[in-house]
Amino acid sequence: MTVEEKLIKIAENEQKVYEAWQKSMVDGSKTIKKTAVGTTTLRLNDVSEIPHDIEVQLGEYVKYENPTWQEPSLFDGWWDTTYPGAKITHVADNFKMKDGETYLFRFKADESEKPVYIRWLRGDDFAVLFASMTYNNGYYEYTYSNTVFMMDVTMGDIDGGSCEFGYACEDDITITEIQITQPTSDFSGISLSVNGDTYTSPSNGLIQGIKSYSPNMTFTADEGVVFSVKYNKSWGTQMEYDRFWDTYQDNGNRTHYLFAFAGYGWTDETFKPKYDIKPRYLNGQYIFRYSKITDLVKILEDCNVKLDLSDVTSGYYMFSNGLFTRLPILDFSNTAGDSLQHLFSYCSNLKSVEKLILPTTIPTSNNFFYYSFTNCTALEDIVIEGYIAKDFDIHWSTKLTKKSFDSIFTALYKETGGTLTVSRTAVINAFGSTENNEWLSYVSWKPNWTIILI
Amino acid sequence: MKTEVITRIKLTASEGMTLTNGEAFGKEIYLGSSDSAENWREITDKEAEKMQKKIEAKISEET
């Protein structure tokens, strides 16, 4: 059997394809199926140039759902007399048939066991077929062999003729779906060309192992051959994911993360690290600045990776201006030689920090905590380990819990002293008033420290 | 068991005023043991805001 290359339009519902694509983007394991007839260009628009395993099943039906029916304009009088209640549709205008092939027409109806006649207008010759359909399990069916003279009218263009479908039923039923099936039992020898590569079908019509390196795929078969393309997005998605993150994180060996996840492009959807994030020395600065990531705790858990900051020597602007709501354990135990300036500045959605681990040696810089908590207005829960050994200003946080105050005061390093600046509103919210005994006992606890209420 | 009475000196700014030692600012100050009232003075809230902005700008330059 020879194969000729022609282009025809695919009669698909674009919205359904888009919805299927959207679903597949969320659940990468879904299998996507597209059906076409004859020669067509199918665009698999949710894959990349990564090779994808594709299989094609020949002989599946073409389906037209919810066709729009209208009153026939041709032979009106004759229609009404002979076939009352007639309706026509043009959904299958581009459906072409091959000479000598047999097709099964199935009309899905809302009622059963009615006298339904299929009407079929072919080409330009007004050759019209009327035939009584048989009801079978939810469908009215009619099998047609494309070699028949119909109604004493010679079919001038049998081979390749387009079709207009109609039906007539006195009881006015509604046909909600049209299926056209080529009931060939043996597909042996039928060839399918995919982007120039030729595959020969086995008898069951299932051609497997087709690989695509491009989203623009051309499937070419004989006219009248119906085929269904099935591909699994997740395989390509996983390879795409691996390829990006293996490169971006240097297969887990990356330590230079300066600005690595900074900027608006990093969101909960795009930030899916594959390896532990372990920056070193000064290369932890600015990592997440201006990021749109929100729940970093959840994302790291979902990705089963850790943010290990134990080797960084500076947390300068690390999370500043981010949209974070929750942050995980942050180990800054090695930063005494530099600072945590602007660490969380302008993280105005930040509600909790699982644990902030500070150095247990005295930082060299007096500015160690400068503006670390600027505008952290939503902060409620923070656990601090290590020493607060330099001036500490957290007065923007008016919702600190009592537990957070306890953690802060515990961390105040007795020997050095310094100033602790907190919000007066926060004290009242947590303790009831600034005269509260519990609050005053905290004030008295570290006498070397000047406590400032704003 | 040991019981101690710890005295803390508390400075409270007047209405519309802020206390400052030139670096830190506040409405109520519980002085540390190595701090003293002499280190703190009252300025208007507006002056305090101005000073804070200057300090912030200086730190931004340095860093």
# chains A, B, ... in the order shown; residues from 1 in each chain; ligands from 1
$ interface_residues --of "chain A" --to "chain B" --cutoff "6 Å" --atoms "only C-alpha atoms" --output "number ranges by chain"
A: 447-454
$ residues_around --residues "segment 201-206 of chain A" --least-positions-apart "4" --cutoff "7 Å" --atoms "only C-alpha atoms" --output "number ranges by chain"
A: 56-59, 186-191
$ write_last_selection --atoms "C-alpha atoms" --output "mmCIF file, in the first residue's frame"
data_model
loop_
_atom_site.group_PDB
_atom_site.id
_atom_site.type_symbol
_atom_site.label_atom_id
_atom_site.label_comp_id
_atom_site.auth_asym_id
_atom_site.auth_seq_id
_atom_site.Cartn_x
_atom_site.Cartn_y
_atom_site.Cartn_z
ATOM 1 C CA VAL A 56 -0.715 4.883 17.384
ATOM 2 C CA GLN A 57 -3.791 2.723 17.204
ATOM 3 C CA LEU A 58 -5.303 2.347 13.754
ATOM 4 C CA GLY A 59 -8.927 1.879 13.208
ATOM 5 C CA ASP A 186 -6.678 -6.880 9.968
ATOM 6 C CA PHE A 187 -4.392 -3.884 9.740
ATOM 7 C CA SER A 188 -1.375 -5.832 8.527
ATOM 8 C CA GLY A 189 0.752 -3.937 6.100
ATOM 9 C CA ILE A 190 -0.839 -0.530 6.583
ATOM 10 C CA SER A 191 1.920 2.024 6.710
#
$ select_by_dssp --residues "segment 208-333 of chain A" --states "strand (DSSP E or B)" --output "list in words"
Gln208, Gly209, Ile210, Lys211, Ser212, Asn216, Met217, Thr218, Phe219, Thr220, Val226, Phe227, Ser228, Val229, Lys230, Tyr231, Asn232, Ile277, Tyr281, Asp295, Leu307, Val312, Arg326, Leu327, Pro328, Ile329, Leu330 and Asp331 of chain A
$ residues_around --residues "Gly22 of chain B" --least-positions-apart "3" --cutoff "10 Å" --atoms "only C-alpha atoms" --output "PyMOL selection string"
chain B and resi 19+25+39-41+48+51-52+55
$ write_last_selection --atoms "N, CA and C atoms" --output "tab-separated table (two decimals), in the first residue's frame"
chain	number	residue	atom	x	y	z
B	19	LEU	N	12.78	58.67	72.61
B	19	LEU	CA	14.07	58.62	73.28
B	19	LEU	C	15.10	58.04	72.32
B	25	PHE	N	16.27	53.90	69.04
B	25	PHE	CA	15.14	54.80	69.28
B	25	PHE	C	14.04	54.02	69.97
B	39	ASN	N	22.84	58.66	78.70
B	39	ASN	CA	23.09	58.30	77.30
B	39	ASN	C	21.89	58.59	76.42
B	40	TRP	N	20.73	58.86	77.03
B	40	TRP	CA	19.50	59.00	76.28
B	40	TRP	C	18.95	60.42	76.36
B	41	ARG	N	18.37	60.87	75.27
B	41	ARG	CA	17.74	62.19	75.25
B	41	ARG	C	16.43	62.09	74.50
B	48	ALA	N	13.17	62.06	65.17
B	48	ALA	CA	13.58	60.66	65.28
B	48	ALA	C	13.49	59.96	63.93
B	51	MET	N	16.32	61.09	61.71
B	51	MET	CA	17.61	60.50	62.13
B	51	MET	C	17.70	59.05	61.68
B	52	GLN	N	16.58	58.35	61.84
B	52	GLN	CA	16.57	56.92	61.48
B	52	GLN	C	16.83	56.74	59.99
B	55	ILE	N	20.53	57.25	59.28
B	55	ILE	CA	21.33	56.09	59.69
B	55	ILE	C	21.18	54.97	58.68
$ residues_around --residues "segment 342-358 of chain A" --least-positions-apart "2" --cutoff "7 Å" --atoms "only C-alpha atoms" --output "ChimeraX atom specification"
/A:315-333,340,360,370-387
$ write_last_selection --atoms "C-alpha atoms" --output "mmCIF file, in the first residue's frame"
data_model
loop_
_atom_site.group_PDB
_atom_site.id
_atom_site.type_symbol
_atom_site.label_atom_id
_atom_site.label_comp_id
_atom_site.auth_asym_id
_atom_site.auth_seq_id
_atom_site.Cartn_x
_atom_site.Cartn_y
_atom_site.Cartn_z
ATOM 1 C CA GLY A 315 23.103 35.618 55.150
ATOM 2 C CA TYR A 316 23.187 39.060 53.622
ATOM 3 C CA TYR A 317 19.800 39.822 51.912
ATOM 4 C CA MET A 318 19.195 36.079 51.601
ATOM 5 C CA PHE A 319 15.378 36.176 51.806
ATOM 6 C CA SER A 320 14.754 39.900 51.548
ATOM 7 C CA ASN A 321 11.709 41.204 49.670
ATOM 8 C CA GLY A 322 10.381 37.677 49.296
ATOM 9 C CA LEU A 323 6.780 36.491 49.603
ATOM 10 C CA PHE A 324 7.663 33.757 52.090
ATOM 11 C CA THR A 325 5.078 32.714 54.633
ATOM 12 C CA ARG A 326 7.072 29.932 56.268
ATOM 13 C CA LEU A 327 10.800 29.350 56.422
ATOM 14 C CA PRO A 328 12.522 26.151 57.579
ATOM 15 C CA ILE A 329 15.498 25.603 59.884
ATOM 16 C CA LEU A 330 18.154 28.128 58.892
ATOM 17 C CA ASP A 331 21.603 27.244 60.147
ATOM 18 C CA PHE A 332 23.699 30.395 60.251
ATOM 19 C CA SER A 333 26.079 29.075 62.880
ATOM 20 C CA LEU A 340 22.782 38.628 58.656
ATOM 21 C CA THR A 360 27.811 30.703 69.369
ATOM 22 C CA TYR A 370 20.898 45.422 61.071
ATOM 23 C CA TYR A 371 17.517 45.516 59.357
ATOM 24 C CA SER A 372 17.271 41.727 59.468
ATOM 25 C CA PHE A 373 13.593 41.990 60.364
ATOM 26 C CA THR A 374 12.601 45.231 58.638
ATOM 27 C CA ASN A 375 8.898 45.162 57.825
ATOM 28 C CA CYS A 376 8.379 41.588 59.025
ATOM 29 C CA THR A 377 4.944 42.705 60.117
ATOM 30 C CA ALA A 378 3.287 39.266 59.965
ATOM 31 C CA LEU A 379 5.900 37.413 61.988
ATOM 32 C CA GLU A 380 4.439 35.434 64.872
ATOM 33 C CA ASP A 381 6.613 32.425 65.528
ATOM 34 C CA ILE A 382 10.368 32.310 65.591
ATOM 35 C CA VAL A 383 12.634 29.938 67.429
ATOM 36 C CA ILE A 384 16.198 31.091 67.997
ATOM 37 C CA GLU A 385 19.144 28.917 68.887
ATOM 38 C CA GLY A 386 22.634 30.210 69.585
ATOM 39 C CA TYR A 387 23.446 33.703 70.777
#
$ select_by_dssp --residues "chain B" --states "helix (DSSP H, G or I)" --output "mmCIF file with N, CA and C atoms, in the first residue's frame"
data_model
loop_
_atom_site.group_PDB
_atom_site.id
_atom_site.type_symbol
_atom_site.label_atom_id
_atom_site.label_comp_id
_atom_site.auth_asym_id
_atom_site.auth_seq_id
_atom_site.Cartn_x
_atom_site.Cartn_y
_atom_site.Cartn_z
ATOM 1 N N ALA B 37 20.919 56.809 82.104
ATOM 2 C CA ALA B 37 19.947 57.775 81.592
ATOM 3 C C ALA B 37 20.629 58.893 80.809
ATOM 4 N N GLU B 38 21.904 59.167 81.183
ATOM 5 C CA GLU B 38 22.641 60.248 80.518
ATOM 6 C C GLU B 38 22.873 59.946 79.030
ATOM 7 N N ASN B 39 22.837 58.664 78.703
ATOM 8 C CA ASN B 39 23.085 58.297 77.305
ATOM 9 C C ASN B 39 21.886 58.585 76.416
ATOM 10 N N ASP B 45 9.176 63.109 67.589
ATOM 11 C CA ASP B 45 8.983 61.937 66.726
ATOM 12 C C ASP B 45 9.485 62.208 65.310
ATOM 13 N N LYS B 46 9.282 63.432 64.853
ATOM 14 C CA LYS B 46 9.698 63.796 63.481
ATOM 15 C C LYS B 46 11.223 63.779 63.362
ATOM 16 N N GLU B 47 11.860 64.304 64.349
ATOM 17 C CA GLU B 47 13.330 64.306 64.341
ATOM 18 C C GLU B 47 13.846 62.871 64.368
ATOM 19 N N ALA B 48 13.169 62.061 65.166
ATOM 20 C CA ALA B 48 13.576 60.656 65.285
ATOM 21 C C ALA B 48 13.485 59.957 63.931
ATOM 22 N N GLU B 49 12.403 60.243 63.225
ATOM 23 C CA GLU B 49 12.207 59.626 61.906
ATOM 24 C C GLU B 49 13.314 60.044 60.950
ATOM 25 N N LYS B 50 13.649 61.331 61.031
ATOM 26 C CA LYS B 50 14.699 61.873 60.148
ATOM 27 C C LYS B 50 16.042 61.218 60.440
ATOM 28 N N MET B 51 16.324 61.088 61.711
ATOM 29 C CA MET B 51 17.607 60.501 62.129
ATOM 30 C C MET B 51 17.696 59.047 61.683
ATOM 31 N N GLN B 52 16.585 58.347 61.837
ATOM 32 C CA GLN B 52 16.572 56.925 61.484
ATOM 33 C C GLN B 52 16.833 56.743 59.992
ATOM 34 N N LYS B 53 16.268 57.627 59.198
ATOM 35 C CA LYS B 53 16.462 57.539 57.734
ATOM 36 C C LYS B 53 17.923 57.802 57.386
ATOM 37 N N LYS B 54 18.519 58.750 58.105
ATOM 38 C CA LYS B 54 19.934 59.074 57.837
ATOM 39 C C LYS B 54 20.820 57.881 58.144
ATOM 40 N N ILE B 55 20.528 57.246 59.275
ATOM 41 C CA ILE B 55 21.332 56.092 59.693
ATOM 42 C C ILE B 55 21.176 54.966 58.677
ATOM 43 N N GLU B 56 19.948 54.771 58.235
ATOM 44 C CA GLU B 56 19.674 53.706 57.260
ATOM 45 C C GLU B 56 20.430 53.959 55.963
ATOM 46 N N ALA B 57 20.424 55.215 55.534
ATOM 47 C CA ALA B 57 21.124 55.557 54.293
ATOM 48 C C ALA B 57 22.613 55.309 54.442
ATOM 49 N N LYS B 58 23.142 55.643 55.626
ATOM 50 C CA LYS B 58 24.576 55.475 55.865
ATOM 51 C C LYS B 58 24.940 53.993 55.829
ATOM 52 N N ILE B 59 24.103 53.196 56.446
ATOM 53 C CA ILE B 59 24.382 51.758 56.470
ATOM 54 C C ILE B 59 24.291 51.191 55.058
ATOM 55 N N SER B 60 23.329 51.663 54.293
ATOM 56 C CA SER B 60 23.192 51.186 52.908
ATOM 57 C C SER B 60 24.437 51.514 52.109
ATOM 58 N N GLU B 61 25.002 52.713 52.334
ATOM 59 C CA GLU B 61 26.212 53.114 51.616
ATOM 60 C C GLU B 61 27.374 52.215 51.979
ATOM 61 N N GLU B 62 27.469 51.941 53.284
ATOM 62 C CA GLU B 62 28.617 51.162 53.763
ATOM 63 C C GLU B 62 28.572 49.740 53.239
#
$ residues_around --residues "Ile388 of chain A" --least-positions-apart "3" --cutoff "9 Å" --atoms "only C-alpha atoms" --output "short mmCIF file (atom, residue, chain, number, x, y, z; two decimals) with C-alpha atoms, in the first residue's frame"
data_model
loop_
_atom_site.label_atom_id
_atom_site.label_comp_id
_atom_site.auth_asym_id
_atom_site.auth_seq_id
_atom_site.Cartn_x
_atom_site.Cartn_y
_atom_site.Cartn_z
CA LEU A 358 22.89 31.78 65.27
CA PRO A 359 26.63 31.56 65.89
CA THR A 360 27.81 30.70 69.37
CA ILE A 362 30.57 36.72 69.12
CA PHE A 369 21.43 42.06 62.74
CA ILE A 384 16.20 31.09 68.00
CA GLU A 385 19.14 28.92 68.89
CA ASP A 391 21.92 44.79 68.93
CA PHE A 392 18.71 43.08 67.84
CA ILE A 408 14.54 35.77 71.94
CA PHE A 409 15.26 36.48 75.59
CA THR A 410 16.83 33.06 76.05
CA ALA A 411 19.21 33.78 73.20
CA LEU A 412 20.31 37.20 74.53
CA TYR A 413 23.96 36.73 75.33
#
